[in-house]
>>> print(open('input-v2.cif').read())   # mmCIF, C-alpha atoms and all ligand atoms
data_data
loop_
_atom_site.label_atom_id
_atom_site.label_comp_id
_atom_site.auth_asym_id
_atom_site.auth_seq_id
_atom_site.Cartn_x
_atom_site.Cartn_y
_atom_site.Cartn_z
CA MET O 325 75.33 -108.07 -16.78
CA SER O 326 72.40 -105.90 -15.71
CA LYS O 327 69.97 -104.62 -18.27
CA SER O 328 70.63 -101.09 -19.53
CA LEU O 329 68.23 -98.23 -18.91
CA THR O 330 67.44 -95.40 -21.27
CA LEU O 331 67.21 -92.17 -19.31
CA LYS O 332 66.35 -88.61 -20.15
CA LEU O 333 68.43 -86.16 -18.19
CA ALA O 334 67.94 -82.39 -18.16
CA VAL O 335 71.39 -80.93 -17.62
CA ASN O 336 72.15 -77.21 -17.72
CA GLY O 337 68.88 -76.60 -19.54
CA ALA O 338 69.46 -79.17 -22.29
CA SER O 339 67.76 -82.53 -22.56
CA HIS O 340 69.90 -85.62 -23.12
CA GLU O 341 68.95 -89.23 -23.70
CA LEU O 342 71.46 -91.82 -22.62
CA THR O 343 71.56 -95.56 -22.22
CA VAL O 344 73.39 -96.68 -19.10
CA GLU O 345 73.51 -99.55 -16.64
CA PRO O 346 71.19 -98.98 -13.66
CA ARG O 347 74.13 -98.64 -11.26
CA VAL O 348 75.76 -95.75 -13.15
CA THR O 349 76.15 -92.70 -10.96
CA LEU O 350 75.13 -89.20 -11.94
CA LEU O 351 78.82 -88.26 -11.78
CA ASP O 352 79.84 -90.91 -14.31
CA ALA O 353 76.86 -90.07 -16.51
CA LEU O 354 77.92 -86.41 -16.56
CA ARG O 355 81.63 -87.00 -17.05
CA GLU O 356 81.74 -90.09 -19.21
CA HIS O 357 78.49 -90.01 -21.15
CA LEU O 358 77.87 -86.27 -21.52
CA GLY O 359 81.48 -85.04 -21.55
CA LEU O 360 80.85 -82.61 -18.69
CA THR O 361 84.12 -83.03 -16.82
CA GLY O 362 83.86 -79.90 -14.68
CA SER O 363 82.43 -81.97 -11.82
CA LYS O 364 85.44 -83.79 -10.40
CA LYS O 365 85.83 -87.31 -9.09
CA GLY O 366 87.92 -87.09 -5.94
CA CYS O 367 86.99 -89.95 -3.63
CA ASP O 368 83.92 -91.41 -5.39
CA GLN O 369 82.64 -92.23 -1.89
CA GLY O 370 80.84 -89.11 -0.69
CA GLN O 371 83.74 -87.78 1.35
CA CYS O 372 85.36 -84.91 -0.54
CA GLY O 373 82.66 -82.79 -2.24
CA ALA O 374 84.56 -82.48 -5.53
CA CYS O 375 81.55 -83.87 -7.41
CA THR O 376 78.99 -81.40 -6.00
CA VAL O 377 76.23 -80.41 -8.44
CA HIS O 378 72.71 -79.06 -8.01
CA VAL O 379 69.60 -81.13 -8.59
CA ASP O 380 66.40 -79.07 -8.60
CA GLY O 381 68.46 -76.26 -7.07
CA GLU O 382 69.76 -78.27 -4.12
CA ARG O 383 73.32 -79.45 -3.81
CA VAL O 384 73.96 -83.15 -4.09
CA LEU O 385 77.03 -85.34 -4.29
CA ALA O 386 76.89 -86.70 -7.81
CA CYS O 387 79.05 -89.70 -6.87
CA LEU O 388 76.38 -90.85 -4.40
CA THR O 389 73.43 -90.20 -6.70
CA LEU O 390 72.35 -92.65 -9.36
CA ALA O 391 71.84 -91.15 -12.80
CA ALA O 392 68.36 -92.72 -12.72
CA GLN O 393 67.47 -90.72 -9.59
CA ALA O 394 68.07 -87.50 -11.52
CA GLU O 395 65.63 -88.34 -14.29
CA GLY O 396 62.89 -85.72 -14.61
CA ARG O 397 64.82 -83.27 -12.41
CA ALA O 398 66.92 -80.25 -13.36
CA VAL O 399 70.64 -80.90 -13.00
CA THR O 400 73.07 -77.98 -12.94
CA THR O 401 76.82 -78.43 -13.13
CA ILE O 402 79.61 -75.88 -12.94
CA GLU O 403 79.44 -75.62 -16.75
CA GLY O 404 75.85 -74.40 -16.52
CA LEU O 405 76.11 -72.08 -13.56
CA THR O 406 75.75 -69.10 -15.89
CA PRO O 407 74.31 -69.06 -19.41
CA GLU O 408 76.87 -69.46 -22.17
CA GLY O 409 78.58 -66.17 -22.99
CA ALA O 410 77.39 -64.51 -19.76
CA ASP O 411 79.70 -62.93 -17.19
CA LEU O 412 81.12 -65.07 -14.43
CA HIS O 413 78.74 -65.95 -11.61
CA PRO O 414 79.42 -63.72 -8.54
CA VAL O 415 80.80 -66.75 -6.69
CA GLN O 416 83.22 -67.53 -9.53
CA ALA O 417 84.32 -63.89 -9.65
CA ALA O 418 84.85 -63.86 -5.88
CA PHE O 419 86.94 -67.05 -6.01
CA LEU O 420 89.16 -65.40 -8.60
CA SER O 421 89.53 -62.14 -6.73
CA HIS O 422 90.36 -63.93 -3.44
CA ASP O 423 92.72 -66.55 -4.95
CA ALA O 424 90.45 -69.16 -3.42
CA PHE O 425 92.20 -72.07 -5.11
CA GLN O 426 95.62 -73.44 -5.88
CA CYS O 427 95.50 -76.64 -7.94
CA GLY O 428 91.80 -76.02 -8.65
CA TYR O 429 90.73 -79.65 -8.36
CA CYS O 430 88.23 -79.03 -5.58
CA THR O 431 87.08 -75.69 -7.00
CA PRO O 432 84.03 -76.66 -9.09
CA GLY O 433 82.59 -78.50 -6.10
CA GLN O 434 83.47 -75.65 -3.76
CA ILE O 435 81.73 -73.17 -6.05
CA MET O 436 78.58 -75.27 -6.41
CA SER O 437 78.43 -75.66 -2.61
CA ALA O 438 79.11 -71.97 -2.10
CA VAL O 439 76.21 -70.98 -4.36
CA ALA O 440 73.89 -73.26 -2.36
CA CYS O 441 75.35 -71.95 0.91
CA ILE O 442 74.45 -68.38 0.00
CA LYS O 443 71.06 -69.17 -1.57
CA GLU O 444 69.99 -71.27 1.41
CA GLY O 445 70.97 -68.49 3.85
CA HIS O 446 73.92 -70.23 5.52
CA ALA O 447 76.49 -67.54 4.83
CA GLY O 448 75.65 -65.29 7.78
CA SER O 449 79.07 -65.61 9.41
CA ASP O 450 82.46 -67.15 8.71
CA ALA O 451 81.66 -69.95 11.17
CA GLU O 452 78.39 -70.67 9.42
CA ILE O 453 80.10 -70.71 6.01
CA ARG O 454 82.80 -73.07 7.30
CA GLU O 455 80.18 -75.39 8.79
CA TYR O 456 78.09 -75.55 5.59
CA MET O 457 81.17 -75.98 3.40
CA SER O 458 82.80 -78.58 5.66
CA GLY O 459 82.01 -81.43 3.27
CA ASN O 460 84.12 -79.82 0.55
CA LEU O 461 87.72 -80.74 1.19
CA CYS O 462 90.68 -78.83 -0.22
CA ARG O 463 94.01 -80.60 -0.15
CA CYS O 464 95.72 -77.30 -0.90
CA GLY O 465 94.32 -75.73 2.26
CA ALA O 466 92.72 -72.74 0.55
CA TYR O 467 90.00 -72.61 3.22
CA PRO O 468 90.54 -69.03 4.51
CA HIS O 469 90.41 -67.69 0.94
CA ILE O 470 87.34 -69.78 0.15
CA VAL O 471 85.50 -68.39 3.18
CA ALA O 472 86.49 -64.83 2.20
CA ALA O 473 85.23 -65.45 -1.34
CA VAL O 474 81.88 -66.77 -0.11
CA ARG O 475 81.53 -63.75 2.17
CA GLN O 476 82.17 -61.37 -0.73
CA ALA O 477 79.83 -63.21 -3.09
CA LYS O 478 77.09 -63.12 -0.47
CA GLU O 479 77.29 -59.32 -0.40
CA VAL O 480 76.96 -59.17 -4.18
CA MET O 481 74.10 -61.68 -4.30
CA SER O 482 72.00 -60.22 -1.48
S1 LIG E 501 83.85 -87.59 -5.53
FE1 LIG E 501 81.90 -87.34 -4.65
S2 LIG E 501 82.27 -86.77 -2.62
FE2 LIG E 501 84.27 -87.21 -3.42
S1 LIG E 502 92.67 -75.91 -4.65
FE1 LIG E 502 93.78 -77.79 -4.70
S2 LIG E 502 92.43 -79.17 -3.69
FE2 LIG E 502 91.52 -77.24 -3.37
#
>>> encode(input="input-v2.cif", output="structure tokens")
Amino acid sequence: MSKSLTLKLAVNGASHELTVEPRVTLLDALREHLGLTGSKKGCDQGQCGACTVHVDGERVLACLTLAAQAEGRAVTTIEGLTPEGADLHPVQAAFLSHDAFQCGYCTPGQIMSAVACIKEGHAGSDAEIREYMSGNLCRCGAYPHIVAAVRQAKEVMS
């Protein structure tokens, strides 16, 4: 068995120390060690986007990132998108008003990608939104509603 590592992770503004095996992914560290189950495990192979989080403000697939790679960086999950007690983030509000989900399994990842899409300036057109969001799969086929929600949120955020 490989030797465990003790890591300090900054997640949603709070610092956590955890002891994990070196091969533990950021997704498993968040879900199983820190109890942050908002980030979903769909494929665990980088193909569905359900595990999307932000690291230093950029979106990453937490299932393809080692927990150790996130040490010393600021991790944000869907739970930390807005401060506790604050209103919904404009992207969350837009997903609600456009019914941009059905089962909701892909939704945290969609929202984290959508926030990055808008902040990085890739929400200029529906085609651009679809292209940027293409790594976030939705088995329920809510894509037209998701694009509409991103478009609305972009107006609010710009
Ligand atoms: S769980 Fe990470 S991309 Fe599917
Ligand atoms: S809302 Fe069900 S997978 Fe997207």
>>> closest_residue(input="input-v2.cif", among="O:Cys367, O:Val379, O:Ile470, O:Cys464", to="ligand LIG 502 (chain E)", atoms="all atoms listed in the file")
O:Cys464
>>> atom_distance(input="input-v2.cif", atom1="CA of Asp352 in chain O", atom2="CA of Leu385 in chain O")
11.8 Å
>>> residues_around(input="input-v2.cif", residues="Thr349 in chain O", least_positions_apart="4", cutoff="7 Å", atoms="all atoms listed in the file", output="list in words")
Ala353, Ala386, Cys387, Leu388, Thr389, Leu390 and Ala391 of chain O
>>> residues_around(input="input-v2.cif", residues="Lys443 in chain O", least_positions_apart="4", cutoff="12 Å", atoms="all atoms listed in the file", output="number ranges by chain")
O: 378, 381-383, 415, 436-439, 447-448, 453, 456, 474, 477-482
>>> closest_residue(input="input-v2.cif", among="O:Asp380, O:Asp411, O:Glu356, O:Glu395", to="Lys332 in chain O", atoms="only C-alpha atoms")
O:Glu395
>>> axis_aligned_box(input="input-v2.cif", around="ligand LIG 501 (chain E)", padding_each_side="3 Å", output="lines of an AutoDock Vina configuration file")
center_x = 83.1
center_y = -87.2
center_z = -4.1
size_x = 8.4
size_y = 6.8
size_z = 8.9
>>> residues_near_ligand(input="input-v2.cif", ligand="ligand LIG 501 (chain E)", cutoff="10 Å", atoms="all atoms listed in the file", output="compact mmCIF listing (two decimals) with C-alpha atoms, in the frame of the given file")
# COMPACT_ATOMS: atom_id res chain seq x y z
CA LEU O 351 78.82 -88.26 -11.78
CA SER O 363 82.43 -81.97 -11.82
CA LYS O 364 85.44 -83.79 -10.40
CA LYS O 365 85.83 -87.31 -9.09
CA GLY O 366 87.92 -87.09 -5.94
CA CYS O 367 86.99 -89.95 -3.63
CA ASP O 368 83.92 -91.41 -5.39
CA GLN O 369 82.64 -92.23 -1.89
CA GLY O 370 80.84 -89.11 -0.69
CA GLN O 371 83.74 -87.78 1.35
CA CYS O 372 85.36 -84.91 -0.54
CA GLY O 373 82.66 -82.79 -2.24
CA ALA O 374 84.56 -82.48 -5.53
CA CYS O 375 81.55 -83.87 -7.41
CA THR O 376 78.99 -81.40 -6.00
CA VAL O 377 76.23 -80.41 -8.44
CA VAL O 384 73.96 -83.15 -4.09
CA LEU O 385 77.03 -85.34 -4.29
CA ALA O 386 76.89 -86.70 -7.81
CA CYS O 387 79.05 -89.70 -6.87
CA LEU O 388 76.38 -90.85 -4.40
CA THR O 389 73.43 -90.20 -6.70
CA CYS O 430 88.23 -79.03 -5.58
CA GLY O 433 82.59 -78.50 -6.10
CA GLY O 459 82.01 -81.43 3.27
CA ASN O 460 84.12 -79.82 0.55
CA LEU O 461 87.72 -80.74 1.19
>>> residues_near_ligand(input="input-v2.cif", ligand="ligand LIG 502 (chain E)", cutoff="6 Å", atoms="all atoms listed in the file", output="list in words")
Phe425, Gln426, Cys427, Gly428, Tyr429, Cys430, Thr431, Cys462, Arg463 and Cys464 of chain O
>>> residues_around(input="input-v2.cif", residues="Asn336 in chain O", least_positions_apart="3", cutoff="8 Å", atoms="only C-alpha atoms", output="list in words")
Ala398, Val399, Thr400, Thr401, Glu403, Gly404 and Leu405 of chain O
>>> atom_distance(input="input-v2.cif", atom1="CA of Ala472 in chain O", atom2="CA of Val335 in chain O")
29.7 Å
>>> closest_residue(input="input-v2.cif", among="O:His446, O:His413, O:Arg454, O:His422", to="Gln476 in chain O", atoms="only C-alpha atoms")
O:His422
>>> atom_distance(input="input-v2.cif", atom1="CA of Gly362 in chain O", atom2="CA of Ser326 in chain O")
28.4 Å
>>> decode(input="input-v2.cif", residues="range 433-481 of chain O", atoms="C-alpha atoms", output="PDB file, in the first residue's frame")
ATOM      1  CA  GLY O 433     -21.203  20.527 -13.043  1.00  0.00           C
ATOM      2  CA  GLN O 434     -23.239  22.428 -15.618  1.00  0.00           C
ATOM      3  CA  ILE O 435     -23.477  25.420 -13.288  1.00  0.00           C
ATOM      4  CA  MET O 436     -19.761  25.445 -12.474  1.00  0.00           C
ATOM      5  CA  SER O 437     -18.961  25.267 -16.199  1.00  0.00           C
ATOM      6  CA  ALA O 438     -21.520  27.947 -16.993  1.00  0.00           C
ATOM      7  CA  VAL O 439     -19.980  30.357 -14.477  1.00  0.00           C
ATOM      8  CA  ALA O 440     -16.561  29.813 -16.082  1.00  0.00           C
ATOM      9  CA  CYS O 441     -18.087  30.128 -19.560  1.00  0.00           C
ATOM     10  CA  ILE O 442     -19.462  33.573 -18.757  1.00  0.00           C
ATOM     11  CA  LYS O 443     -16.428  34.800 -16.787  1.00  0.00           C
ATOM     12  CA  GLU O 444     -14.018  33.714 -19.511  1.00  0.00           C
ATOM     13  CA  GLY O 445     -16.076  35.497 -22.188  1.00  0.00           C
ATOM     14  CA  HIS O 446     -17.309  32.428 -24.070  1.00  0.00           C
ATOM     15  CA  ALA O 447     -21.007  33.195 -23.820  1.00  0.00           C
ATOM     16  CA  GLY O 448     -21.222  35.581 -26.786  1.00  0.00           C
ATOM     17  CA  SER O 449     -23.646  33.412 -28.762  1.00  0.00           C
ATOM     18  CA  ASP O 450     -25.642  30.221 -28.357  1.00  0.00           C
ATOM     19  CA  ALA O 451     -23.124  28.396 -30.547  1.00  0.00           C
ATOM     20  CA  GLU O 452     -20.251  29.616 -28.409  1.00  0.00           C
ATOM     21  CA  ILE O 453     -22.052  28.564 -25.216  1.00  0.00           C
ATOM     22  CA  ARG O 454     -22.783  25.115 -26.666  1.00  0.00           C
ATOM     23  CA  GLU O 455     -19.154  24.692 -27.719  1.00  0.00           C
ATOM     24  CA  TYR O 456     -17.746  25.688 -24.307  1.00  0.00           C
ATOM     25  CA  MET O 457     -20.289  23.559 -22.449  1.00  0.00           C
ATOM     26  CA  SER O 458     -19.892  20.536 -24.725  1.00  0.00           C
ATOM     27  CA  GLY O 459     -17.938  18.585 -22.114  1.00  0.00           C
ATOM     28  CA  ASN O 460     -20.904  18.687 -19.730  1.00  0.00           C
ATOM     29  CA  LEU O 461     -23.257  15.906 -20.713  1.00  0.00           C
ATOM     30  CA  CYS O 462     -26.928  15.801 -19.743  1.00  0.00           C
ATOM     31  CA  ARG O 463     -28.656  12.459 -20.081  1.00  0.00           C
ATOM     32  CA  CYS O 464     -32.001  14.213 -19.709  1.00  0.00           C
ATOM     33  CA  GLY O 465     -31.344  16.354 -22.779  1.00  0.00           C
ATOM     34  CA  ALA O 466     -31.914  19.696 -21.078  1.00  0.00           C
ATOM     35  CA  TYR O 467     -29.440  21.378 -23.434  1.00  0.00           C
ATOM     36  CA  PRO O 468     -31.732  24.052 -24.969  1.00  0.00           C
ATOM     37  CA  HIS O 469     -32.809  25.173 -21.490  1.00  0.00           C
ATOM     38  CA  ILE O 470     -29.215  25.163 -20.249  1.00  0.00           C
ATOM     39  CA  VAL O 471     -28.114  27.397 -23.135  1.00  0.00           C
ATOM     40  CA  ALA O 472     -31.037  29.765 -22.466  1.00  0.00           C
ATOM     41  CA  ALA O 473     -30.096  29.909 -18.779  1.00  0.00           C
ATOM     42  CA  VAL O 474     -26.460  30.719 -19.560  1.00  0.00           C
ATOM     43  CA  ARG O 475     -27.584  33.446 -21.952  1.00  0.00           C
ATOM     44  CA  GLN O 476     -29.801  35.012 -19.271  1.00  0.00           C
ATOM     45  CA  ALA O 477     -27.139  34.767 -16.572  1.00  0.00           C
ATOM     46  CA  LYS O 478     -24.632  36.425 -18.880  1.00  0.00           C
ATOM     47  CA  GLU O 479     -26.911  39.453 -19.181  1.00  0.00           C
ATOM     48  CA  VAL O 480     -27.189  39.701 -15.400  1.00  0.00           C
ATOM     49  CA  MET O 481     -23.449  39.235 -14.821  1.00  0.00           C
TER      50      MET O 481
END
